[in-house]
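To start, the structure under review is shown below, and the notes come after it.
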Amino acid sequence: MSILPERLKEVLGEKIYKREDSNLVKDALIRLDVNASEAFQEFYIRYEGPFWEEYVPFELLDLTDGENNIESYTYISREKLNFPKQYLFLSEMSANAELILDTITDKVYIVNFEGGDELLLKGHLKENWATFYDFLKDYFCPEGKTCVR
């Protein structure tokens with residue numbers, strides 16, 4: 001039984017979003033040395049991006065597919081910005097901000113790089129979504145629509 005929002009089946013029902021090789025996801029998480037939430041893992045095991053919805057103004061990257069993906073951006077953030085390994089960069093920078101997942105707490109943040117990054121690293125930035133599941137609901141299932149698990 002799926003632990004993802006039901007609406008994802010509708011929104012991502014096209015074959016283009018179906019992931020063919022779930023081992024790519026498992027291998028990427030091992031390489032990144034993170035233990036992401038069940039919702040995160042199931043989402044990327046089932047679906048392959050990138051994704052774009054108008055409700056959250058960021059392109060949600062695929063974990064492994066394509067040149068620009070979560071794995072590559074996370075490695076860059078670790079090497080160039082000294083981010084701890086618990087953080088996954090879920091998007092490309094847009095208006096000097098990115099979506100970042102804390103894999104320890106499962107919180108998702110919109111982090112601007114005009115001080116928000118420092119607040120995040122100090123533990124003082126308020127999350128935008130309490131869980132990756134909540135993020136998925138808002139990203140694909142905006143308020144006012146039926147989005148029940």
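Ligands are numbered from 1 in the order shown, chains are lettered A, B, ... in the order of the structure tokens, and residues start at 1 in each chain.
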
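For Glu92 in chain A, the list of residues within 8 Å, based on only C-alpha atoms and with local chain neighbours fewer than 3 positions off taken out, reads Phe58, Glu59, Leu61, Asn68, Tyr73, Phe89, Glu98 and Leu99 of chain A.
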
Which of range 27-145 of chain A counts as alpha helix (DSSP H) under DSSP, as a PyMOL selection string please? chain A and resi 27-32+38-46+70-81+116-122+132-140

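The shortest atom-to-atom distance to Arg19 in chain A, with only C-alpha atoms taken into account, belongs to A:Asp62 out of A:Asp62, A:Phe132, A:Ser2, A:Glu38.
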
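Neighbours of Ser77 in chain A closer than or equal to 9 Å, with only C-alpha atoms counted and sequence neighbours fewer than 5 positions away skipped, come out as Ser72, Asn82, Phe83, Pro84, Tyr87, Leu88 and Phe89 of chain A.
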
Selection from above, all heavy atoms, as a short mmCIF file (atom, residue, chain, number, x, y, z; two decimals), in the first residue's frame, can you write it?
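What landed in result.cif:
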data_model
loop_
_atom_site.label_atom_id
_atom_site.label_comp_id
_atom_site.auth_asym_id
_atom_site.auth_seq_id
_atom_site.Cartn_x
_atom_site.Cartn_y
_atom_site.Cartn_z
N SER A 72 23.56 15.40 -7.89
CA SER A 72 24.65 16.29 -8.31
C SER A 72 24.62 17.62 -7.57
O SER A 72 25.67 18.12 -7.15
CB SER A 72 24.62 16.50 -9.83
OG SER A 72 23.46 17.19 -10.23
N ASN A 82 29.89 23.70 1.86
CA ASN A 82 30.11 23.01 3.14
C ASN A 82 28.83 22.63 3.86
O ASN A 82 28.78 22.68 5.09
CB ASN A 82 31.00 23.87 4.05
CG ASN A 82 32.39 24.03 3.47
OD1 ASN A 82 32.98 23.08 2.96
ND2 ASN A 82 32.89 25.25 3.52
N PHE A 83 27.82 22.24 3.11
CA PHE A 83 26.58 21.78 3.74
C PHE A 83 26.80 20.37 4.29
O PHE A 83 27.42 19.54 3.63
CB PHE A 83 25.42 21.76 2.74
CG PHE A 83 24.60 23.00 2.74
CD1 PHE A 83 25.06 24.17 2.17
CD2 PHE A 83 23.36 23.00 3.35
CE1 PHE A 83 24.31 25.32 2.18
CE2 PHE A 83 22.59 24.16 3.38
CZ PHE A 83 23.06 25.32 2.79
N PRO A 84 26.27 20.10 5.48
CA PRO A 84 26.35 18.74 6.04
C PRO A 84 25.58 17.75 5.16
O PRO A 84 24.66 18.12 4.43
CB PRO A 84 25.69 18.87 7.41
CG PRO A 84 25.67 20.33 7.72
CD PRO A 84 25.63 21.03 6.40
N TYR A 87 21.51 17.22 4.30
CA TYR A 87 20.68 18.06 3.45
C TYR A 87 20.74 17.61 2.00
O TYR A 87 21.81 17.37 1.45
CB TYR A 87 21.13 19.52 3.53
CG TYR A 87 20.93 20.11 4.90
CD1 TYR A 87 22.02 20.38 5.72
CD2 TYR A 87 19.66 20.39 5.38
CE1 TYR A 87 21.84 20.92 6.99
CE2 TYR A 87 19.48 20.93 6.64
CZ TYR A 87 20.57 21.17 7.45
OH TYR A 87 20.39 21.70 8.69
N LEU A 88 19.55 17.50 1.38
CA LEU A 88 19.44 17.21 -0.04
C LEU A 88 18.87 18.43 -0.74
O LEU A 88 17.87 19.00 -0.29
CB LEU A 88 18.53 16.00 -0.29
CG LEU A 88 18.97 14.66 0.27
CD1 LEU A 88 17.95 13.58 -0.08
CD2 LEU A 88 20.36 14.28 -0.23
N PHE A 89 19.51 18.84 -1.83
CA PHE A 89 19.05 19.97 -2.61
C PHE A 89 18.07 19.47 -3.65
O PHE A 89 18.45 18.77 -4.59
CB PHE A 89 20.25 20.67 -3.25
CG PHE A 89 20.98 21.56 -2.29
CD1 PHE A 89 21.50 21.07 -1.10
CD2 PHE A 89 21.12 22.91 -2.55
CE1 PHE A 89 22.15 21.89 -0.20
CE2 PHE A 89 21.77 23.75 -1.66
CZ PHE A 89 22.30 23.25 -0.48
#

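Of all the residues in chain A, the ones DSSP labels as strand (DSSP E) from the backbone are Tyr87, Leu88, Phe89, Ala97, Glu98, Leu99, Ile100, Leu101, Asp102, Val108, Tyr109, Ile110, Val111 and Asn112 of chain A.
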
Just write the chosen residues, N, CA and C atoms, as a PDB file, in the first residue's frame.
ATOM      1  N   TYR A  87      21.506  17.219   4.304  1.00  0.00           N
ATOM      2  CA  TYR A  87      20.678  18.062   3.445  1.00  0.00           C
ATOM      3  C   TYR A  87      20.739  17.606   1.998  1.00  0.00           C
ATOM      4  N   LEU A  88      19.551  17.503   1.381  1.00  0.00           N
ATOM      5  CA  LEU A  88      19.443  17.210  -0.038  1.00  0.00           C
ATOM      6  C   LEU A  88      18.871  18.433  -0.739  1.00  0.00           C
ATOM      7  N   PHE A  89      19.508  18.837  -1.829  1.00  0.00           N
ATOM      8  CA  PHE A  89      19.052  19.975  -2.612  1.00  0.00           C
ATOM      9  C   PHE A  89      18.068  19.470  -3.654  1.00  0.00           C
ATOM     10  N   ALA A  97      17.130  31.180  -4.348  1.00  0.00           N
ATOM     11  CA  ALA A  97      16.607  30.291  -3.300  1.00  0.00           C
ATOM     12  C   ALA A  97      16.495  28.872  -3.862  1.00  0.00           C
ATOM     13  N   GLU A  98      16.497  27.911  -2.951  1.00  0.00           N
ATOM     14  CA  GLU A  98      16.372  26.500  -3.322  1.00  0.00           C
ATOM     15  C   GLU A  98      15.495  25.771  -2.326  1.00  0.00           C
ATOM     16  N   LEU A  99      14.941  24.643  -2.785  1.00  0.00           N
ATOM     17  CA  LEU A  99      14.240  23.722  -1.892  1.00  0.00           C
ATOM     18  C   LEU A  99      15.272  22.777  -1.308  1.00  0.00           C
ATOM     19  N   ILE A 100      15.277  22.642   0.004  1.00  0.00           N
ATOM     20  CA  ILE A 100      16.242  21.769   0.670  1.00  0.00           C
ATOM     21  C   ILE A 100      15.509  20.876   1.670  1.00  0.00           C
ATOM     22  N   LEU A 101      15.833  19.585   1.632  1.00  0.00           N
ATOM     23  CA  LEU A 101      15.273  18.597   2.558  1.00  0.00           C
ATOM     24  C   LEU A 101      16.313  18.243   3.603  1.00  0.00           C
ATOM     25  N   ASP A 102      15.899  18.297   4.856  1.00  0.00           N
ATOM     26  CA  ASP A 102      16.730  17.796   5.953  1.00  0.00           C
ATOM     27  C   ASP A 102      16.332  16.337   6.144  1.00  0.00           C
ATOM     28  N   VAL A 108      11.167  20.250   4.999  1.00  0.00           N
ATOM     29  CA  VAL A 108      11.547  20.848   3.720  1.00  0.00           C
ATOM     30  C   VAL A 108      11.530  22.366   3.892  1.00  0.00           C
ATOM     31  N   TYR A 109      12.578  22.979   3.379  1.00  0.00           N
ATOM     32  CA  TYR A 109      12.777  24.420   3.514  1.00  0.00           C
ATOM     33  C   TYR A 109      12.899  25.073   2.147  1.00  0.00           C
ATOM     34  N   ILE A 110      12.428  26.309   2.060  1.00  0.00           N
ATOM     35  CA  ILE A 110      12.817  27.183   0.966  1.00  0.00           C
ATOM     36  C   ILE A 110      13.919  28.048   1.560  1.00  0.00           C
ATOM     37  N   VAL A 111      15.117  27.896   1.038  1.00  0.00           N
ATOM     38  CA  VAL A 111      16.285  28.565   1.611  1.00  0.00           C
ATOM     39  C   VAL A 111      16.799  29.606   0.631  1.00  0.00           C
ATOM     40  N   ASN A 112      16.798  30.869   1.072  1.00  0.00           N
ATOM     41  CA  ASN A 112      17.418  31.891   0.239  1.00  0.00           C
ATOM     42  C   ASN A 112      18.887  31.978   0.629  1.00  0.00           C
TER      43      ASN A 112
END

Which polymer residues have any atom within 12 Å of an atom of range 45-55 of chain A, counting only C-alpha atoms, with same-chain residues fewer than 5 positions away left out, as a PDB file with N, CA and C atoms, in the first residue's frame?
ATOM      1  N   SER A   2       0.513   2.202  -0.798  1.00  0.00           N
ATOM      2  CA  SER A   2       1.291   3.424  -0.947  1.00  0.00           C
ATOM      3  C   SER A   2       1.099   4.355   0.242  1.00  0.00           C
ATOM      4  N   ILE A   3       2.178   5.034   0.627  1.00  0.00           N
ATOM      5  CA  ILE A   3       2.086   6.041   1.683  1.00  0.00           C
ATOM      6  C   ILE A   3       2.122   7.446   1.092  1.00  0.00           C
ATOM      7  N   LEU A   4       1.957   7.548  -0.222  1.00  0.00           N
ATOM      8  CA  LEU A   4       1.988   8.828  -0.911  1.00  0.00           C
ATOM      9  C   LEU A   4       0.582   9.387  -1.080  1.00  0.00           C
ATOM     10  N   LEU A   8      -1.239  11.887  -6.545  1.00  0.00           N
ATOM     11  CA  LEU A   8      -0.057  11.679  -7.384  1.00  0.00           C
ATOM     12  C   LEU A   8      -0.337  10.705  -8.519  1.00  0.00           C
ATOM     13  N   LYS A   9      -1.198   9.729  -8.278  1.00  0.00           N
ATOM     14  CA  LYS A   9      -1.534   8.773  -9.333  1.00  0.00           C
ATOM     15  C   LYS A   9      -2.157   9.477 -10.530  1.00  0.00           C
ATOM     16  N   VAL A  11      -1.875  12.971 -11.207  1.00  0.00           N
ATOM     17  CA  VAL A  11      -0.959  13.983 -11.729  1.00  0.00           C
ATOM     18  C   VAL A  11       0.223  13.354 -12.457  1.00  0.00           C
ATOM     19  N   LEU A  12       0.729  12.257 -11.940  1.00  0.00           N
ATOM     20  CA  LEU A  12       1.922  11.631 -12.500  1.00  0.00           C
ATOM     21  C   LEU A  12       1.612  10.281 -13.148  1.00  0.00           C
ATOM     22  N   GLY A  13       0.419  10.153 -13.677  1.00  0.00           N
ATOM     23  CA  GLY A  13      -0.015   8.893 -14.259  1.00  0.00           C
ATOM     24  C   GLY A  13       0.580   8.574 -15.620  1.00  0.00           C
ATOM     25  N   GLU A  14       1.153   9.567 -16.277  1.00  0.00           N
ATOM     26  CA  GLU A  14       1.733   9.329 -17.599  1.00  0.00           C
ATOM     27  C   GLU A  14       2.974   8.457 -17.493  1.00  0.00           C
ATOM     28  N   LYS A  15       3.210   7.695 -18.536  1.00  0.00           N
ATOM     29  CA  LYS A  15       4.347   6.773 -18.556  1.00  0.00           C
ATOM     30  C   LYS A  15       5.679   7.494 -18.374  1.00  0.00           C
ATOM     31  N   ILE A  16       5.777   8.739 -18.830  1.00  0.00           N
ATOM     32  CA  ILE A  16       7.024   9.500 -18.744  1.00  0.00           C
ATOM     33  C   ILE A  16       7.515   9.634 -17.296  1.00  0.00           C
ATOM     34  N   TYR A  17       6.608   9.580 -16.330  1.00  0.00           N
ATOM     35  CA  TYR A  17       6.980   9.737 -14.920  1.00  0.00           C
ATOM     36  C   TYR A  17       7.266   8.419 -14.210  1.00  0.00           C
ATOM     37  N   LYS A  18       7.005   7.311 -14.858  1.00  0.00           N
ATOM     38  CA  LYS A  18       7.187   6.009 -14.203  1.00  0.00           C
ATOM     39  C   LYS A  18       8.676   5.631 -14.191  1.00  0.00           C
ATOM     40  N   ARG A  19       9.193   5.383 -13.003  1.00  0.00           N
ATOM     41  CA  ARG A  19      10.592   4.983 -12.890  1.00  0.00           C
ATOM     42  C   ARG A  19      10.702   3.506 -13.245  1.00  0.00           C
ATOM     43  N   GLU A  20      11.636   3.199 -14.104  1.00  0.00           N
ATOM     44  CA  GLU A  20      11.832   1.826 -14.555  1.00  0.00           C
ATOM     45  C   GLU A  20      12.781   1.047 -13.644  1.00  0.00           C
ATOM     46  N   ASP A  21      13.783   1.730 -13.086  1.00  0.00           N
ATOM     47  CA  ASP A  21      14.808   1.034 -12.294  1.00  0.00           C
ATOM     48  C   ASP A  21      14.901   1.644 -10.896  1.00  0.00           C
ATOM     49  N   SER A  22      14.246   1.024  -9.937  1.00  0.00           N
ATOM     50  CA  SER A  22      14.240   1.541  -8.564  1.00  0.00           C
ATOM     51  C   SER A  22      15.606   1.428  -7.892  1.00  0.00           C
ATOM     52  N   ASN A  23      16.457   0.559  -8.419  1.00  0.00           N
ATOM     53  CA  ASN A  23      17.804   0.428  -7.842  1.00  0.00           C
ATOM     54  C   ASN A  23      18.617   1.704  -7.983  1.00  0.00           C
ATOM     55  N   LEU A  24      18.326   2.512  -9.000  1.00  0.00           N
ATOM     56  CA  LEU A  24      19.019   3.791  -9.162  1.00  0.00           C
ATOM     57  C   LEU A  24      18.810   4.675  -7.940  1.00  0.00           C
ATOM     58  N   VAL A  25      17.609   4.641  -7.398  1.00  0.00           N
ATOM     59  CA  VAL A  25      17.271   5.451  -6.224  1.00  0.00           C
ATOM     60  C   VAL A  25      18.000   4.919  -5.001  1.00  0.00           C
ATOM     61  N   LYS A  26      17.918   3.638  -4.800  1.00  0.00           N
ATOM     62  CA  LYS A  26      18.581   3.033  -3.636  1.00  0.00           C
ATOM     63  C   LYS A  26      20.083   3.267  -3.684  1.00  0.00           C
ATOM     64  N   ASP A  27      20.675   3.113  -4.857  1.00  0.00           N
ATOM     65  CA  ASP A  27      22.112   3.331  -5.009  1.00  0.00           C
ATOM     66  C   ASP A  27      22.495   4.786  -4.752  1.00  0.00           C
ATOM     67  N   ALA A  28      21.686   5.723  -5.241  1.00  0.00           N
ATOM     68  CA  ALA A  28      21.969   7.146  -5.032  1.00  0.00           C
ATOM     69  C   ALA A  28      21.910   7.499  -3.545  1.00  0.00           C
ATOM     70  N   LEU A  29      20.936   6.973  -2.832  1.00  0.00           N
ATOM     71  CA  LEU A  29      20.830   7.263  -1.395  1.00  0.00           C
ATOM     72  C   LEU A  29      22.014   6.673  -0.631  1.00  0.00           C
ATOM     73  N   GLU A  38      10.397   7.458   4.380  1.00  0.00           N
ATOM     74  CA  GLU A  38       9.688   6.493   3.528  1.00  0.00           C
ATOM     75  C   GLU A  38       8.991   7.194   2.372  1.00  0.00           C
ATOM     76  N   ALA A  39       8.369   8.351   2.663  1.00  0.00           N
ATOM     77  CA  ALA A  39       7.656   9.085   1.618  1.00  0.00           C
ATOM     78  C   ALA A  39       8.622   9.523   0.516  1.00  0.00           C
ATOM     79  N   PHE A  40       9.787  10.024   0.891  1.00  0.00           N
ATOM     80  CA  PHE A  40      10.785  10.440  -0.095  1.00  0.00           C
ATOM     81  C   PHE A  40      11.215   9.245  -0.939  1.00  0.00           C
ATOM     82  N   LEU A  60      11.066  20.604  -9.237  1.00  0.00           N
ATOM     83  CA  LEU A  60      11.501  19.529  -8.359  1.00  0.00           C
ATOM     84  C   LEU A  60      12.324  18.564  -9.204  1.00  0.00           C
ATOM     85  N   LEU A  61      13.603  18.448  -8.863  1.00  0.00           N
ATOM     86  CA  LEU A  61      14.522  17.627  -9.643  1.00  0.00           C
ATOM     87  C   LEU A  61      14.308  16.145  -9.389  1.00  0.00           C
ATOM     88  N   ASP A  62      14.767  15.346 -10.336  1.00  0.00           N
ATOM     89  CA  ASP A  62      14.808  13.910 -10.112  1.00  0.00           C
ATOM     90  C   ASP A  62      16.007  13.613  -9.216  1.00  0.00           C
ATOM     91  N   LEU A  63      15.970  12.503  -8.524  1.00  0.00           N
ATOM     92  CA  LEU A  63      17.072  12.142  -7.647  1.00  0.00           C
ATOM     93  C   LEU A  63      18.337  11.832  -8.442  1.00  0.00           C
ATOM     94  N   THR A  64      18.214  11.106  -9.539  1.00  0.00           N
ATOM     95  CA  THR A  64      19.403  10.641 -10.260  1.00  0.00           C
ATOM     96  C   THR A  64      19.404  10.963 -11.747  1.00  0.00           C
ATOM     97  N   ASP A  65      18.249  11.110 -12.360  1.00  0.00           N
ATOM     98  CA  ASP A  65      18.160  11.222 -13.807  1.00  0.00           C
ATOM     99  C   ASP A  65      18.529  12.621 -14.297  1.00  0.00           C
ATOM    100  N   GLY A  66      19.155  12.678 -15.432  1.00  0.00           N
ATOM    101  CA  GLY A  66      19.508  13.947 -16.055  1.00  0.00           C
ATOM    102  C   GLY A  66      20.806  14.503 -15.495  1.00  0.00           C
ATOM    103  N   GLU A  67      21.311  15.499 -16.177  1.00  0.00           N
ATOM    104  CA  GLU A  67      22.560  16.126 -15.744  1.00  0.00           C
ATOM    105  C   GLU A  67      22.348  16.914 -14.447  1.00  0.00           C
ATOM    106  N   ASN A  68      21.228  17.621 -14.369  1.00  0.00           N
ATOM    107  CA  ASN A  68      20.887  18.382 -13.167  1.00  0.00           C
ATOM    108  C   ASN A  68      19.922  17.545 -12.336  1.00  0.00           C
ATOM    109  N   ASN A  69      20.400  17.053 -11.211  1.00  0.00           N
ATOM    110  CA  ASN A  69      19.561  16.210 -10.369  1.00  0.00           C
ATOM    111  C   ASN A  69      19.910  16.449  -8.898  1.00  0.00           C
ATOM    112  N   ILE A  70      19.122  15.873  -8.015  1.00  0.00           N
ATOM    113  CA  ILE A  70      19.322  16.066  -6.579  1.00  0.00           C
ATOM    114  C   ILE A  70      20.714  15.604  -6.158  1.00  0.00           C
ATOM    115  N   LEU A  90      16.790  19.816  -3.489  1.00  0.00           N
ATOM    116  CA  LEU A  90      15.709  19.265  -4.294  1.00  0.00           C
ATOM    117  C   LEU A  90      15.450  20.024  -5.583  1.00  0.00           C
ATOM    118  N   SER A  91      16.030  21.229  -5.715  1.00  0.00           N
ATOM    119  CA  SER A  91      15.756  22.063  -6.882  1.00  0.00           C
ATOM    120  C   SER A  91      17.010  22.809  -7.305  1.00  0.00           C
ATOM    121  N   GLU A  92      16.913  23.387  -8.485  1.00  0.00           N
ATOM    122  CA  GLU A  92      17.939  24.328  -8.897  1.00  0.00           C
ATOM    123  C   GLU A  92      17.622  25.655  -8.221  1.00  0.00           C
ATOM    124  N   PHE A 135       5.049  18.384   1.880  1.00  0.00           N
ATOM    125  CA  PHE A 135       5.558  19.089   0.707  1.00  0.00           C
ATOM    126  C   PHE A 135       4.919  18.538  -0.566  1.00  0.00           C
ATOM    127  N   LEU A 136       4.895  17.224  -0.711  1.00  0.00           N
ATOM    128  CA  LEU A 136       4.294  16.615  -1.899  1.00  0.00           C
ATOM    129  C   LEU A 136       2.829  17.006  -2.049  1.00  0.00           C
ATOM    130  N   LYS A 137       2.105  17.020  -0.937  1.00  0.00           N
ATOM    131  CA  LYS A 137       0.699  17.416  -0.987  1.00  0.00           C
ATOM    132  C   LYS A 137       0.551  18.829  -1.534  1.00  0.00           C
ATOM    133  N   ASP A 138       1.370  19.745  -1.065  1.00  0.00           N
ATOM    134  CA  ASP A 138       1.275  21.120  -1.546  1.00  0.00           C
ATOM    135  C   ASP A 138       1.829  21.272  -2.959  1.00  0.00           C
ATOM    136  N   TYR A 139       2.878  20.561  -3.271  1.00  0.00           N
ATOM    137  CA  TYR A 139       3.487  20.687  -4.590  1.00  0.00           C
ATOM    138  C   TYR A 139       2.550  20.170  -5.678  1.00  0.00           C
ATOM    139  N   PHE A 140       1.945  19.032  -5.449  1.00  0.00           N
ATOM    140  CA  PHE A 140       1.094  18.415  -6.454  1.00  0.00           C
ATOM    141  C   PHE A 140      -0.396  18.568  -6.170  1.00  0.00           C
ATOM    142  N   CYS A 141      -0.748  18.899  -4.958  1.00  0.00           N
ATOM    143  CA  CYS A 141      -2.153  18.919  -4.554  1.00  0.00           C
ATOM    144  C   CYS A 141      -2.448  20.202  -3.776  1.00  0.00           C
ATOM    145  N   PRO A 142      -2.623  21.305  -4.447  1.00  0.00           N
ATOM    146  CA  PRO A 142      -2.809  22.563  -3.727  1.00  0.00           C
ATOM    147  C   PRO A 142      -4.074  22.585  -2.902  1.00  0.00           C
ATOM    148  N   GLU A 143      -4.064  23.474  -1.927  1.00  0.00           N
ATOM    149  CA  GLU A 143      -5.214  23.623  -1.051  1.00  0.00           C
ATOM    150  C   GLU A 143      -6.459  23.891  -1.883  1.00  0.00           C
ATOM    151  N   GLY A 144      -7.569  23.358  -1.454  1.00  0.00           N
ATOM    152  CA  GLY A 144      -8.802  23.529  -2.191  1.00  0.00           C
ATOM    153  C   GLY A 144      -9.091  22.353  -3.115  1.00  0.00           C
ATOM    154  N   LYS A 145      -8.122  21.494  -3.306  1.00  0.00           N
ATOM    155  CA  LYS A 145      -8.322  20.290  -4.114  1.00  0.00           C
ATOM    156  C   LYS A 145      -8.364  19.096  -3.166  1.00  0.00           C
TER     157      LYS A 145
END

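When only C-alpha atoms are used to compute distances to Met93 in chain A, the closest of the residues A:Phe113, A:Leu120, A:Lys80, A:Thr105 turns out to be A:Phe113.
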
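The residue that comes closest to Lys85 in chain A, out of A:Lys107, A:Glu71, A:Val34, A:Tyr133 and on the basis of only C-alpha atoms, is A:Val34.
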
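Atom pair CA of Phe43 in chain A / CA of Trp129 in chain A: separated by 16.3 Å.
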
So how far away is CA of Pro5 in chain A from CA of Ala36 in chain A, in Å? 17.3 Å

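Here CA of Asp117 in chain A and CA of Arg78 in chain A stand 12.7 Å from one another.
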
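Checking A:Asn96, A:Asp134, A:Thr74, A:Tyr44 one by one against Gly116 in chain A, counting only C-alpha atoms, you find the shortest gap at A:Asn96.
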
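Across A:Gln86, A:Asp33, A:Leu125, A:Tyr75, the tightest approach to Asp106 in chain A is made by A:Gln86 when counting only C-alpha atoms.
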
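Minimum atom-to-atom distance to Asn128 in chain A, evaluated using only C-alpha atoms, belongs to A:Val56 out of A:Ala95, A:Ile104, A:Val56, A:Leu32.
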